[in-house]
$ cat model.pdb   # PDB, C-alpha atoms
ATOM      1  CA  ASP A   1      85.799 237.160 -82.223
ATOM      2  CA  LYS A   2      86.990 233.749 -83.346
ATOM      3  CA  PRO A   3      85.071 232.364 -86.330
ATOM      4  CA  GLY A   4      82.481 229.833 -85.191
ATOM      5  CA  VAL A   5      82.668 230.837 -81.515
ATOM      6  CA  CYS A   6      79.825 232.916 -80.114
ATOM      7  CA  GLY A   7      80.389 235.816 -77.752
ATOM      8  CA  ALA A   8      78.838 233.969 -74.793
ATOM      9  CA  CYS A   9      81.233 231.032 -75.312
ATOM     10  CA  LEU A  10      84.217 233.381 -75.507
ATOM     11  CA  GLU A  11      83.107 234.917 -72.213
ATOM     12  CA  SER A  12      82.358 231.633 -70.433
ATOM     13  CA  ARG A  13      84.101 228.758 -72.231
ATOM     14  CA  PRO A  14      82.010 225.563 -72.343
ATOM     15  CA  HIS A  15      83.670 222.308 -71.304
ATOM     16  CA  PHE A  16      83.174 220.408 -74.566
ATOM     17  CA  HIS A  17      85.713 220.606 -77.397
ATOM     18  CA  SER A  18      83.120 221.403 -80.045
ATOM     19  CA  LEU A  19      79.329 221.561 -80.365
ATOM     20  CA  ARG A  20      77.442 220.992 -83.586
ATOM     21  CA  ALA A  21      73.721 220.846 -84.277
ATOM     22  CA  TRP A  22      72.215 219.058 -87.250
ATOM     23  CA  ALA A  23      69.318 221.490 -87.721
ATOM     24  CA  ILE A  24      67.632 224.631 -86.452
ATOM     25  CA  PHE A  25      64.844 224.165 -83.890
ATOM     26  CA  GLU A  26      62.080 225.042 -86.346
ATOM     27  CA  LYS A  27      59.653 223.148 -88.582
ATOM     28  CA  PRO A  28      59.850 220.292 -89.453
ATOM     29  CA  ILE A  29      62.402 219.385 -86.743
ATOM     30  CA  GLN A  30      60.578 220.984 -83.794
ATOM     31  CA  PRO A  31      57.318 219.052 -84.263
ATOM     32  CA  ALA A  32      59.267 215.835 -84.947
ATOM     33  CA  LEU A  33      61.174 216.198 -81.660
ATOM     34  CA  HIS A  34      57.958 217.020 -79.806
ATOM     35  CA  ARG A  35      56.292 213.890 -81.221
ATOM     36  CA  LEU A  36      59.192 211.813 -79.914
ATOM     37  CA  LYS A  37      59.396 213.596 -76.561
ATOM     38  CA  TYR A  38      55.752 214.148 -75.639
ATOM     39  CA  ARG A  39      53.650 211.842 -77.834
ATOM     40  CA  ARG A  40      55.626 208.606 -77.472
ATOM     41  CA  ASP A  41      56.287 208.352 -81.217
ATOM     42  CA  LEU A  42      59.408 206.242 -80.627
ATOM     43  CA  SER A  43      59.915 205.471 -84.324
ATOM     44  CA  MET A  44      60.818 209.145 -84.740
ATOM     45  CA  GLY A  45      64.145 208.419 -83.007
ATOM     46  CA  ASP A  46      65.221 206.019 -85.766
ATOM     47  CA  ALA A  47      64.059 208.417 -88.485
ATOM     48  CA  ILE A  48      65.953 211.365 -87.001
ATOM     49  CA  ALA A  49      69.108 209.273 -86.461
ATOM     50  CA  ALA A  50      69.022 208.029 -90.069
ATOM     51  CA  ALA A  51      68.653 211.589 -91.367
ATOM     52  CA  MET A  52      71.488 212.844 -89.115
ATOM     53  CA  LEU A  53      73.960 210.086 -90.010
ATOM     54  CA  PRO A  54      75.538 211.690 -93.139
ATOM     55  CA  PHE A  55      75.936 215.006 -91.290
ATOM     56  CA  VAL A  56      77.683 213.386 -88.316
ATOM     57  CA  GLN A  57      79.929 211.349 -90.627
ATOM     58  CA  SER A  58      80.912 214.569 -92.429
ATOM     59  CA  LEU A  59      82.212 216.044 -89.153
ATOM     60  CA  ASN A  60      85.075 213.504 -89.240
ATOM     61  CA  TRP A  61      85.268 213.441 -85.447
ATOM     62  CA  SER A  62      87.359 210.616 -84.075
ATOM     63  CA  ILE A  63      84.969 209.238 -81.435
ATOM     64  CA  ASP A  64      85.053 206.112 -79.281
ATOM     65  CA  LEU A  65      81.597 206.203 -77.724
ATOM     66  CA  VAL A  66      78.202 207.930 -77.903
ATOM     67  CA  ILE A  67      76.533 209.053 -74.667
ATOM     68  CA  PRO A  68      73.007 210.478 -74.409
ATOM     69  CA  ILE A  69      72.348 213.182 -71.805
ATOM     70  CA  PRO A  70      70.441 211.283 -69.098
ATOM     71  CA  LEU A  71      67.068 212.305 -67.713
ATOM     72  CA  GLY A  72      66.480 212.814 -64.005
ATOM     73  CA  ARG A  73      64.730 209.982 -62.130
ATOM     74  CA  GLN A  74      61.428 211.860 -61.891
ATOM     75  CA  ARG A  75      61.301 212.745 -65.602
ATOM     76  CA  MET A  76      62.326 209.193 -66.541
ATOM     77  CA  ARG A  77      59.485 207.808 -64.381
ATOM     78  CA  GLU A  78      56.983 210.205 -65.972
ATOM     79  CA  ARG A  79      58.048 209.626 -69.590
ATOM     80  CA  GLY A  80      59.232 206.027 -69.365
ATOM     81  CA  TYR A  81      62.096 206.563 -71.802
ATOM     82  CA  ASN A  82      64.886 208.991 -72.630
ATOM     83  CA  GLN A  83      64.051 210.664 -75.957
ATOM     84  CA  VAL A  84      67.724 211.479 -76.573
ATOM     85  CA  ALA A  85      68.642 207.805 -76.193
ATOM     86  CA  MET A  86      66.062 206.947 -78.863
ATOM     87  CA  ILE A  87      68.181 208.970 -81.314
ATOM     88  CA  ALA A  88      71.665 208.348 -79.884
ATOM     89  CA  LYS A  89      71.459 204.530 -79.957
ATOM     90  CA  PRO A  90      70.594 204.105 -83.653
ATOM     91  CA  LEU A  91      73.044 206.883 -84.516
ATOM     92  CA  ALA A  92      75.854 205.071 -82.651
ATOM     93  CA  MET A  93      74.923 201.852 -84.462
ATOM     94  CA  GLY A  94      74.972 203.641 -87.830
ATOM     95  CA  LEU A  95      78.397 205.073 -87.039
ATOM     96  CA  GLY A  96      79.696 201.701 -85.824
ATOM     97  CA  LEU A  97      80.492 203.180 -82.403
ATOM     98  CA  GLN A  98      80.016 201.989 -78.851
ATOM     99  CA  TYR A  99      76.731 203.190 -77.343
ATOM    100  CA  SER A 100      77.211 204.005 -73.640
ATOM    101  CA  PRO A 101      73.905 205.083 -72.071
ATOM    102  CA  ASN A 102      75.183 204.549 -68.521
ATOM    103  CA  ALA A 103      78.491 206.402 -68.874
ATOM    104  CA  LEU A 104      76.841 209.569 -67.607
ATOM    105  CA  ALA A 105      74.358 209.728 -64.731
ATOM    106  CA  ARG A 106      72.294 212.606 -63.436
ATOM    107  CA  CYS A 107      73.252 212.986 -59.783
ATOM    108  CA  LYS A 108      71.172 216.130 -59.188
ATOM    109  CA  GLU A 109      67.516 216.526 -60.064
ATOM    110  CA  THR A 110      67.180 219.693 -62.120
ATOM    111  CA  ARG A 111      64.151 221.673 -63.149
ATOM    112  CA  SER A 112      63.238 222.023 -66.805
ATOM    113  CA  GLN A 113      65.467 224.534 -68.600
ATOM    114  CA  VAL A 114      62.420 225.985 -70.403
ATOM    115  CA  GLY A 115      61.986 229.640 -69.498
ATOM    116  CA  LEU A 116      65.368 230.000 -67.762
ATOM    117  CA  SER A 117      67.932 232.644 -68.696
ATOM    118  CA  ARG A 118      71.480 231.708 -69.732
ATOM    119  CA  GLU A 119      72.765 232.266 -66.166
ATOM    120  CA  GLU A 120      69.868 230.325 -64.620
ATOM    121  CA  ARG A 121      70.440 227.447 -67.033
ATOM    122  CA  GLN A 122      74.138 227.242 -66.115
ATOM    123  CA  LYS A 123      73.352 227.283 -62.391
ATOM    124  CA  ASN A 124      70.513 224.744 -62.787
ATOM    125  CA  VAL A 125      72.757 222.075 -64.346
ATOM    126  CA  HIS A 126      75.986 222.897 -62.465
ATOM    127  CA  GLU A 127      77.428 219.595 -61.162
ATOM    128  CA  ALA A 128      74.261 217.779 -62.259
ATOM    129  CA  PHE A 129      76.139 214.822 -63.774
ATOM    130  CA  GLN A 130      78.596 212.149 -62.760
ATOM    131  CA  ALA A 131      80.525 210.029 -65.242
ATOM    132  CA  ASP A 132      81.585 206.397 -65.053
ATOM    133  CA  SER A 133      85.301 205.534 -64.993
ATOM    134  CA  GLY A 134      84.782 203.577 -68.234
ATOM    135  CA  VAL A 135      85.227 206.861 -70.127
ATOM    136  CA  ARG A 136      88.862 207.202 -69.009
ATOM    137  CA  GLY A 137      91.105 207.779 -72.015
ATOM    138  CA  LYS A 138      88.145 207.725 -74.428
ATOM    139  CA  ILE A 139      86.890 210.323 -76.885
ATOM    140  CA  ALA A 140      83.209 210.810 -76.109
ATOM    141  CA  LEU A 141      80.315 212.247 -78.056
ATOM    142  CA  VAL A 142      77.686 213.550 -75.631
ATOM    143  CA  MET A 143      74.271 214.049 -77.214
ATOM    144  CA  ASP A 144      71.120 216.031 -76.454
ATOM    145  CA  ASP A 145      68.000 216.822 -78.437
ATOM    146  CA  VAL A 146      68.109 220.636 -78.416
ATOM    147  CA  SER A 147      70.819 223.077 -77.387
ATOM    148  CA  THR A 148      69.960 226.604 -76.412
ATOM    149  CA  THR A 149      72.874 227.869 -74.346
ATOM    150  CA  GLY A 150      74.855 224.592 -74.281
ATOM    151  CA  SER A 151      74.761 224.532 -70.465
ATOM    152  CA  THR A 152      73.500 220.954 -70.114
ATOM    153  CA  LEU A 153      76.053 219.588 -72.585
ATOM    154  CA  SER A 154      78.841 221.599 -70.952
ATOM    155  CA  SER A 155      77.951 220.225 -67.526
ATOM    156  CA  GLY A 156      77.900 216.673 -68.929
ATOM    157  CA  ALA A 157      81.264 217.257 -70.622
ATOM    158  CA  GLU A 158      82.722 218.573 -67.370
ATOM    159  CA  ALA A 159      81.753 215.340 -65.599
ATOM    160  CA  LEU A 160      83.217 213.240 -68.433
ATOM    161  CA  TYR A 161      86.526 215.106 -68.250
ATOM    162  CA  ALA A 162      86.543 214.714 -64.460
ATOM    163  CA  ALA A 163      86.242 210.932 -64.982
ATOM    164  CA  GLY A 164      89.230 210.943 -67.334
ATOM    165  CA  ALA A 165      87.720 211.329 -70.813
ATOM    166  CA  LYS A 166      90.421 212.285 -73.310
ATOM    167  CA  GLU A 167      88.139 214.563 -75.362
ATOM    168  CA  VAL A 168      84.432 215.403 -75.412
ATOM    169  CA  TYR A 169      82.436 216.498 -78.439
ATOM    170  CA  ALA A 170      78.808 217.621 -78.196
ATOM    171  CA  LEU A 171      76.025 217.042 -80.692
ATOM    172  CA  THR A 172      72.365 217.979 -80.785
ATOM    173  CA  VAL A 173      69.574 217.331 -83.196
ATOM    174  CA  ALA A 174      68.671 221.012 -83.185
ATOM    175  CA  ARG A 175      69.913 224.405 -82.086
ATOM    176  CA  ALA A 176      67.590 227.071 -80.745
ATOM    177  CA  LEU A 177      68.628 230.421 -82.177
ATOM    178  CA  SER A 178      68.726 233.728 -80.314
ATOM    179  CA  HIS A 179      65.359 234.767 -81.768
ATOM    180  CA  HIS A 180      63.671 231.721 -80.222
ATOM    181  CA  ASP A 181      61.822 232.497 -77.024
ATOM    182  CA  LEU A 182      63.551 230.821 -74.038
ATOM    183  CA  ARG A 183      60.111 230.237 -72.525
ATOM    184  CA  TYR A 184      59.565 227.505 -75.089
ATOM    185  CA  VAL A 185      62.990 225.885 -75.516
TER     186      VAL A 185
END

$ encode --input "model.pdb" --output "structure tokens"
Amino acid sequence: DKPGVCGACLESRPHFHSLRAWAIFEKPIQPALHRLKYRRDLSMGDAIAAAMLPFVQSLNWSIDLVIPIPLGRQRMRERGYNQVAMIAKPLAMGLGLQYSPNALARCKETRSQVGLSREERQKNVHEAFQADSGVRGKIALVMDDVSTTGSTLSSGAEALYAAGAKEVYALTVARALSHHDLRYV
């Protein structure tokens, strides 16, 4: 095994160059993300971004633009906002980078990943995204709130590469570990 590369990624290589998570999907991060996502506590996005900023700066990634994973139309209608965008926008501003919320679009409505196995998650988000030509030649940071298997981020990265992105890095607020129950993340 390569250091820092999990067995599943060695078996089925994700499309992004690198994935990092700021925290583990446990207290106090889990309830903070749930407040943002389900209780409309939009100020939580700024607070999380501010806390993440030193970590992201320490990665020393050369990035041109920050792109949040987009919600499907139905989920966007229900929620009224993209919780990932509420973190990605202030983070991009703090990093002095271009924020590009429309660079990636969801072209396939997907079901929630909660409760799905690794294989089901990959199939669920396969070809779910389409990227704008504005990413051509750019180094993109694609962002999500929680990564479990990395399938959503990998699918987004695949679309960005297909549109000509030079490199794609992936970042999440939190990482669900193998002991977390997939029925809840």

$ resolve_selection --input "model.pdb" --expression "the PyMOL selection byres ((chain A and resi 38) around 12)" --output "PyMOL selection string"
chain A and resi 30-37+39-42+44+75+78-83

$ resolve_selection --input "model.pdb" --expression "the PyMOL selection byres ((chain A and resi 84) around 7)" --output "PyMOL selection string"
chain A and resi 68-69+82-83+85-88+144-145

$ atom_distance --input "model.pdb" --atom1 "CA of Glu158 in chain A" --atom2 "CA of Val146 in chain A"
18.4 Å

$ closest_atom_pairs --input "model.pdb" --of "range 130-182 of chain A" --to "range 98-106 of chain A" --cutoff "8 Å" --atoms "all atoms listed in the file" --output "tab-separated table"
residue	atom	partner	partner_atom	distance
A:Gln130	CA	A:Ala105	CA	5.3
A:Ala131	CA	A:Leu104	CA	4.4
A:Asp132	CA	A:Ala103	CA	4.9
A:Ser133	CA	A:Ala103	CA	7.9
A:Gly134	CA	A:Ala103	CA	6.9
A:Val135	CA	A:Ala103	CA	6.9
A:Gly156	CA	A:Leu104	CA	7.3
A:Ala159	CA	A:Leu104	CA	7.8
A:Leu160	CA	A:Leu104	CA	7.4

$ atom_distance --input "model.pdb" --atom1 "CA of Leu171 in chain A" --atom2 "CA of Met76 in chain A"
21.2 Å

$ closest_residue --input "model.pdb" --among "A:Tyr161, A:Trp22, A:Phe16, A:Phe55" --to "Val173 in chain A" --atoms "all atoms listed in the file"
A:Trp22

$ residues_around --input "model.pdb" --residues "Asp64 in chain A" --least-positions-apart "6" --cutoff "7 Å" --atoms "all atoms listed in the file" --output "CSV table (one decimal) with C-alpha atoms, in the frame of the given file"
chain,number,residue,atom,x,y,z
A,97,LEU,CA,80.5,203.2,-82.4
A,98,GLN,CA,80.0,202.0,-78.9
A,138,LYS,CA,88.1,207.7,-74.4
A,139,ILE,CA,86.9,210.3,-76.9
A,140,ALA,CA,83.2,210.8,-76.1

$ atom_distance --input "model.pdb" --atom1 "CA of Pro28 in chain A" --atom2 "CA of Tyr169 in chain A"
25.4 Å

$ resolve_selection --input "model.pdb" --expression "the PyMOL selection byres ((chain A and resi 59) around 12)" --output "PDB file with C-alpha atoms, in the coordinates of the input"
ATOM      1  CA  SER A  18      83.120 221.403 -80.045  1.00  0.00           C
ATOM      2  CA  LEU A  19      79.329 221.561 -80.365  1.00  0.00           C
ATOM      3  CA  ARG A  20      77.442 220.992 -83.586  1.00  0.00           C
ATOM      4  CA  ALA A  21      73.721 220.846 -84.277  1.00  0.00           C
ATOM      5  CA  TRP A  22      72.215 219.058 -87.250  1.00  0.00           C
ATOM      6  CA  MET A  52      71.488 212.844 -89.115  1.00  0.00           C
ATOM      7  CA  LEU A  53      73.960 210.086 -90.010  1.00  0.00           C
ATOM      8  CA  PRO A  54      75.538 211.690 -93.139  1.00  0.00           C
ATOM      9  CA  PHE A  55      75.936 215.006 -91.290  1.00  0.00           C
ATOM     10  CA  VAL A  56      77.683 213.386 -88.316  1.00  0.00           C
ATOM     11  CA  GLN A  57      79.929 211.349 -90.627  1.00  0.00           C
ATOM     12  CA  SER A  58      80.912 214.569 -92.429  1.00  0.00           C
ATOM     13  CA  ASN A  60      85.075 213.504 -89.240  1.00  0.00           C
ATOM     14  CA  TRP A  61      85.268 213.441 -85.447  1.00  0.00           C
ATOM     15  CA  SER A  62      87.359 210.616 -84.075  1.00  0.00           C
ATOM     16  CA  ILE A  63      84.969 209.238 -81.435  1.00  0.00           C
ATOM     17  CA  LEU A  95      78.397 205.073 -87.039  1.00  0.00           C
ATOM     18  CA  LEU A 141      80.315 212.247 -78.056  1.00  0.00           C
ATOM     19  CA  TYR A 169      82.436 216.498 -78.439  1.00  0.00           C
ATOM     20  CA  ALA A 170      78.808 217.621 -78.196  1.00  0.00           C
ATOM     21  CA  LEU A 171      76.025 217.042 -80.692  1.00  0.00           C
TER      22      LEU A 171
END

$ residues_around --input "model.pdb" --residues "Ser147 in chain A" --least-positions-apart "6" --cutoff "9 Å" --atoms "only C-alpha atoms" --output "ChimeraX atom specification"
/A:21,25,153,171-176,185

$ residues_around --input "model.pdb" --residues "Pro90 in chain A" --least-positions-apart "2" --cutoff "8 Å" --atoms "all atoms listed in the file" --output "MDAnalysis selection string"
chainID A and resid 45:46 49:50 86:88 92:94

$ write_last_selection --input "model.pdb" --atoms "C-alpha atoms" --output "PDB file, keeping the file's coordinate frame"
ATOM      1  CA  GLY A  45      64.145 208.419 -83.007  1.00  0.00           C
ATOM      2  CA  ASP A  46      65.221 206.019 -85.766  1.00  0.00           C
ATOM      3  CA  ALA A  49      69.108 209.273 -86.461  1.00  0.00           C
ATOM      4  CA  ALA A  50      69.022 208.029 -90.069  1.00  0.00           C
ATOM      5  CA  MET A  86      66.062 206.947 -78.863  1.00  0.00           C
ATOM      6  CA  ILE A  87      68.181 208.970 -81.314  1.00  0.00           C
ATOM      7  CA  ALA A  88      71.665 208.348 -79.884  1.00  0.00           C
ATOM      8  CA  ALA A  92      75.854 205.071 -82.651  1.00  0.00           C
ATOM      9  CA  MET A  93      74.923 201.852 -84.462  1.00  0.00           C
ATOM     10  CA  GLY A  94      74.972 203.641 -87.830  1.00  0.00           C
TER      11      GLY A  94
END

$ closest_residue --input "model.pdb" --among "A:Leu91, A:Cys107, A:Leu177, A:Ile67" --to "Ala157 in chain A" --atoms "only C-alpha atoms"
A:Ile67
